[in-house]
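S.K.: This is the content of run37.cif (mmCIF, N, CA and C atoms):
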```
data_structure
#
loop_
_atom_site.label_atom_id
_atom_site.label_comp_id
_atom_site.auth_asym_id
_atom_site.auth_seq_id
_atom_site.Cartn_x
_atom_site.Cartn_y
_atom_site.Cartn_z
N MET O 24 -3.80 23.25 -7.16
CA MET O 24 -4.48 22.35 -6.25
C MET O 24 -3.79 20.99 -6.23
N PHE O 25 -3.33 20.55 -7.40
CA PHE O 25 -2.66 19.26 -7.44
C PHE O 25 -1.34 19.30 -6.68
N LEU O 26 -0.66 20.44 -6.70
CA LEU O 26 0.59 20.56 -5.95
C LEU O 26 0.32 20.40 -4.45
N ILE O 27 -0.78 20.95 -3.98
CA ILE O 27 -1.13 20.82 -2.57
C ILE O 27 -1.39 19.36 -2.22
N ILE O 28 -2.12 18.65 -3.07
CA ILE O 28 -2.41 17.24 -2.83
C ILE O 28 -1.14 16.40 -2.91
N PHE O 29 -0.30 16.69 -3.92
CA PHE O 29 0.94 15.92 -4.08
C PHE O 29 1.95 16.23 -2.98
N ALA O 30 1.79 17.34 -2.27
CA ALA O 30 2.66 17.63 -1.14
C ALA O 30 2.10 17.00 0.14
N ALA O 31 0.79 17.02 0.29
CA ALA O 31 0.18 16.57 1.54
C ALA O 31 0.15 15.04 1.68
N MET O 32 -0.23 14.35 0.64
CA MET O 32 -0.40 12.90 0.76
C MET O 32 0.92 12.16 1.03
N PRO O 33 1.97 12.39 0.24
CA PRO O 33 3.22 11.68 0.56
C PRO O 33 3.80 12.06 1.92
N ALA O 34 3.66 13.32 2.29
CA ALA O 34 4.19 13.73 3.60
C ALA O 34 3.44 13.03 4.73
N GLY O 35 2.14 12.94 4.62
CA GLY O 35 1.35 12.24 5.63
C GLY O 35 1.67 10.76 5.70
N LEU O 36 1.79 10.14 4.54
CA LEU O 36 2.11 8.71 4.51
C LEU O 36 3.53 8.45 5.04
N LEU O 37 4.45 9.34 4.71
CA LEU O 37 5.81 9.18 5.21
C LEU O 37 5.87 9.34 6.72
N ALA O 38 5.13 10.31 7.24
CA ALA O 38 5.09 10.49 8.69
C ALA O 38 4.46 9.28 9.37
N MET O 39 3.43 8.72 8.75
CA MET O 39 2.81 7.53 9.33
C MET O 39 3.77 6.34 9.31
N SER O 40 4.54 6.21 8.25
CA SER O 40 5.46 5.08 8.18
C SER O 40 6.61 5.23 9.18
N PHE O 41 7.03 6.47 9.42
CA PHE O 41 8.10 6.68 10.41
C PHE O 41 7.63 6.43 11.83
N THR O 42 6.40 6.80 12.13
CA THR O 42 5.91 6.70 13.50
C THR O 42 5.17 5.40 13.78
N ALA O 43 4.94 4.57 12.77
CA ALA O 43 4.19 3.33 12.99
C ALA O 43 4.95 2.34 13.85
N SER O 44 6.27 2.36 13.78
CA SER O 44 7.04 1.42 14.60
C SER O 44 7.00 1.81 16.08
N THR O 45 6.77 3.07 16.36
CA THR O 45 6.70 3.53 17.74
C THR O 45 5.33 3.25 18.34
N SER O 46 4.29 3.74 17.67
CA SER O 46 2.94 3.57 18.20
C SER O 46 1.95 3.74 17.06
N LEU O 47 0.97 2.87 17.02
CA LEU O 47 -0.05 2.95 15.97
C LEU O 47 -0.91 4.20 16.17
N LEU O 48 -1.22 4.52 17.41
CA LEU O 48 -2.02 5.72 17.68
C LEU O 48 -1.26 6.98 17.29
N LEU O 49 0.03 7.01 17.55
CA LEU O 49 0.85 8.15 17.14
C LEU O 49 0.89 8.27 15.63
N ALA O 50 0.98 7.15 14.94
CA ALA O 50 0.98 7.18 13.47
C ALA O 50 -0.35 7.69 12.93
N LEU O 51 -1.45 7.27 13.54
CA LEU O 51 -2.77 7.72 13.08
C LEU O 51 -3.00 9.20 13.38
N MET O 52 -2.32 9.73 14.37
CA MET O 52 -2.46 11.15 14.68
C MET O 52 -1.46 12.00 13.89
N ALA O 53 -0.25 11.50 13.72
CA ALA O 53 0.80 12.29 13.07
C ALA O 53 0.62 12.38 11.56
N GLY O 54 0.10 11.34 10.94
CA GLY O 54 -0.04 11.34 9.48
C GLY O 54 -0.92 12.47 8.96
N PRO O 55 -2.17 12.57 9.41
CA PRO O 55 -3.00 13.68 8.93
C PRO O 55 -2.49 15.06 9.35
N LEU O 56 -1.89 15.12 10.53
CA LEU O 56 -1.38 16.42 11.00
C LEU O 56 -0.23 16.89 10.12
N VAL O 57 0.72 16.02 9.84
CA VAL O 57 1.85 16.40 8.98
C VAL O 57 1.38 16.66 7.56
N GLY O 58 0.43 15.87 7.08
CA GLY O 58 -0.13 16.11 5.75
C GLY O 58 -0.81 17.46 5.64
N SER O 59 -1.55 17.83 6.66
CA SER O 59 -2.23 19.12 6.65
C SER O 59 -1.24 20.27 6.70
N VAL O 60 -0.21 20.13 7.52
CA VAL O 60 0.79 21.20 7.62
C VAL O 60 1.56 21.34 6.31
N SER O 61 1.92 20.24 5.68
CA SER O 61 2.65 20.34 4.42
C SER O 61 1.75 20.86 3.30
N GLY O 62 0.47 20.51 3.31
CA GLY O 62 -0.46 21.08 2.34
C GLY O 62 -0.64 22.57 2.53
N PHE O 63 -0.68 23.00 3.79
CA PHE O 63 -0.78 24.42 4.09
C PHE O 63 0.47 25.16 3.61
N CYS O 64 1.63 24.56 3.82
CA CYS O 64 2.87 25.18 3.34
C CYS O 64 2.91 25.25 1.82
N ALA O 65 2.41 24.23 1.15
CA ALA O 65 2.36 24.27 -0.32
C ALA O 65 1.39 25.35 -0.79
N ALA O 66 0.27 25.53 -0.10
CA ALA O 66 -0.68 26.58 -0.46
C ALA O 66 -0.08 27.96 -0.24
N LEU O 67 0.67 28.13 0.85
CA LEU O 67 1.35 29.40 1.08
C LEU O 67 2.40 29.67 0.01
N PHE O 68 3.10 28.64 -0.40
CA PHE O 68 4.09 28.80 -1.46
C PHE O 68 3.42 29.23 -2.76
N LEU O 69 2.29 28.61 -3.09
CA LEU O 69 1.58 28.99 -4.31
C LEU O 69 1.08 30.43 -4.23
N ALA O 70 0.59 30.83 -3.08
CA ALA O 70 0.12 32.21 -2.91
C ALA O 70 1.28 33.19 -3.01
N TRP O 71 2.42 32.85 -2.44
CA TRP O 71 3.59 33.70 -2.52
C TRP O 71 4.11 33.78 -3.95
N HIS O 72 4.11 32.63 -4.64
CA HIS O 72 4.62 32.57 -6.00
C HIS O 72 3.72 33.35 -6.96
N ARG O 73 2.43 33.37 -6.68
CA ARG O 73 1.50 34.07 -7.56
C ARG O 73 1.68 35.58 -7.46
N GLY O 74 2.01 36.06 -6.30
CA GLY O 74 2.28 37.48 -6.13
C GLY O 74 1.01 38.30 -6.04
N SER O 75 1.15 39.57 -6.29
CA SER O 75 0.02 40.47 -6.16
C SER O 75 -0.65 40.77 -7.49
N GLU O 76 -0.25 40.10 -8.56
CA GLU O 76 -0.87 40.37 -9.86
C GLU O 76 -2.32 39.92 -9.93
N TRP O 77 -2.70 38.98 -9.08
CA TRP O 77 -4.07 38.46 -9.17
C TRP O 77 -5.09 39.54 -8.82
N LYS O 78 -4.69 40.54 -8.07
CA LYS O 78 -5.61 41.61 -7.72
C LYS O 78 -5.79 42.60 -8.87
N SER O 79 -4.84 42.68 -9.77
CA SER O 79 -4.88 43.69 -10.81
C SER O 79 -5.37 43.15 -12.15
N ASP O 80 -6.04 42.01 -12.16
CA ASP O 80 -6.59 41.52 -13.42
C ASP O 80 -7.64 42.49 -13.92
N SER O 81 -7.59 42.77 -15.22
CA SER O 81 -8.53 43.74 -15.77
C SER O 81 -9.95 43.18 -15.82
N ASP O 82 -10.07 41.89 -16.00
CA ASP O 82 -11.42 41.30 -16.09
C ASP O 82 -11.79 40.52 -14.83
N PHE O 83 -11.21 40.90 -13.70
CA PHE O 83 -11.48 40.18 -12.45
C PHE O 83 -12.95 40.31 -12.06
N ASP O 84 -13.53 41.49 -12.22
CA ASP O 84 -14.94 41.68 -11.89
C ASP O 84 -15.84 40.88 -12.82
N GLN O 85 -15.46 40.78 -14.07
CA GLN O 85 -16.26 39.99 -15.02
C GLN O 85 -16.18 38.51 -14.68
N GLN O 86 -15.02 38.04 -14.25
CA GLN O 86 -14.88 36.64 -13.87
C GLN O 86 -15.73 36.35 -12.64
N THR O 87 -15.71 37.27 -11.69
CA THR O 87 -16.49 37.09 -10.47
C THR O 87 -17.98 37.08 -10.78
N ASP O 88 -18.42 37.99 -11.63
CA ASP O 88 -19.82 38.03 -12.03
C ASP O 88 -20.24 36.76 -12.75
N ALA O 89 -19.35 36.24 -13.57
CA ALA O 89 -19.66 35.00 -14.30
C ALA O 89 -19.78 33.82 -13.34
N MET O 90 -18.91 33.77 -12.33
CA MET O 90 -18.98 32.67 -11.37
C MET O 90 -20.25 32.76 -10.52
N VAL O 91 -20.61 33.98 -10.12
CA VAL O 91 -21.79 34.16 -9.30
C VAL O 91 -23.05 33.90 -10.11
N GLY O 92 -23.03 34.29 -11.37
CA GLY O 92 -24.21 34.11 -12.21
C GLY O 92 -24.43 32.67 -12.66
N ALA O 93 -23.41 31.84 -12.57
CA ALA O 93 -23.54 30.46 -13.06
C ALA O 93 -24.28 29.57 -12.14
#
```
Re-express the file's structure as structure tokens.

M.R.:
Amino acid sequence: MFLIIFAAMPAGLLAMSFTASTSLLLALMAGPLVGSVSGFCAALFLAWHRGSEWKSDSDFDQQTDAMVGA
């Protein structure tokens, strides 16, 4: 989760700083949009990096039951 935040916030701020000289409205629109896209890309990278092992956890049902029961 921290990787997603650390990817999204600097990218959004950088996009805002690049577009602020052109138009303030463009900067206010581009910053969150670029931040969201880079956060989405970081989340996809984490999902790709994790692979398919998360489905084969032996205690996955127990973890789910514990979360639901809490």

S.K.: If we count only C-alpha atoms and set the cut-off at 8 Å, which residues sit around range 38-42 of chain O, ignoring sequence neighbours fewer than 4 positions away in its own chain? Please answer as number ranges by chain.

M.R.: O: 34, 46-47, 49-51, 53-54, 57

S.K.: Could you give me, as number ranges by chain, each residue of chain O that DSSP assigns to helix (DSSP H, G or I) when run on this structure's backbone?

M.R.: O: 25-42, 47-73, 76-79, 83-92

S.K.: Expressed in Å to a single decimal, how great is the separation between atom C of Leu37 in chain O and CA of Gly58 in chain O?

M.R.: 9.1 Å

S.K.: When distances are computed from all atoms listed in the file, which of O:Ser61, O:Ala43, O:Gln85, O:Leu48 shows the smallest separation from Ala30 in chain O?

M.R.: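 Closest to Ala30 in chain O, using all atoms listed in the file: O:Ser61.
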
S.K.: Rounded to one decimal place, report the atom N of Cys64 in chain O-CA of Ile28 in chain O distance in Å.

M.R.: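 So the answer is 10.7 Å.
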
S.K.: Applying 10 Å and only C-alpha atoms, which residues near Met24 in chain O remain after dropping the ones on its own chain fewer than 6 positions away? List them as a list in words.

M.R.: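 Near Met24 in chain O, the qualifying residues are Ala30, Gly62, Ala65, Ala66 and Leu69 of chain O.
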
S.K.: Using Å and a single decimal, report how far atom C of Leu26 in chain O sits from CA of Thr45 in chain O.

M.R.: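 Value for the CA of Thr45 in chain O-atom C of Leu26 in chain O distance: 28.6 Å.
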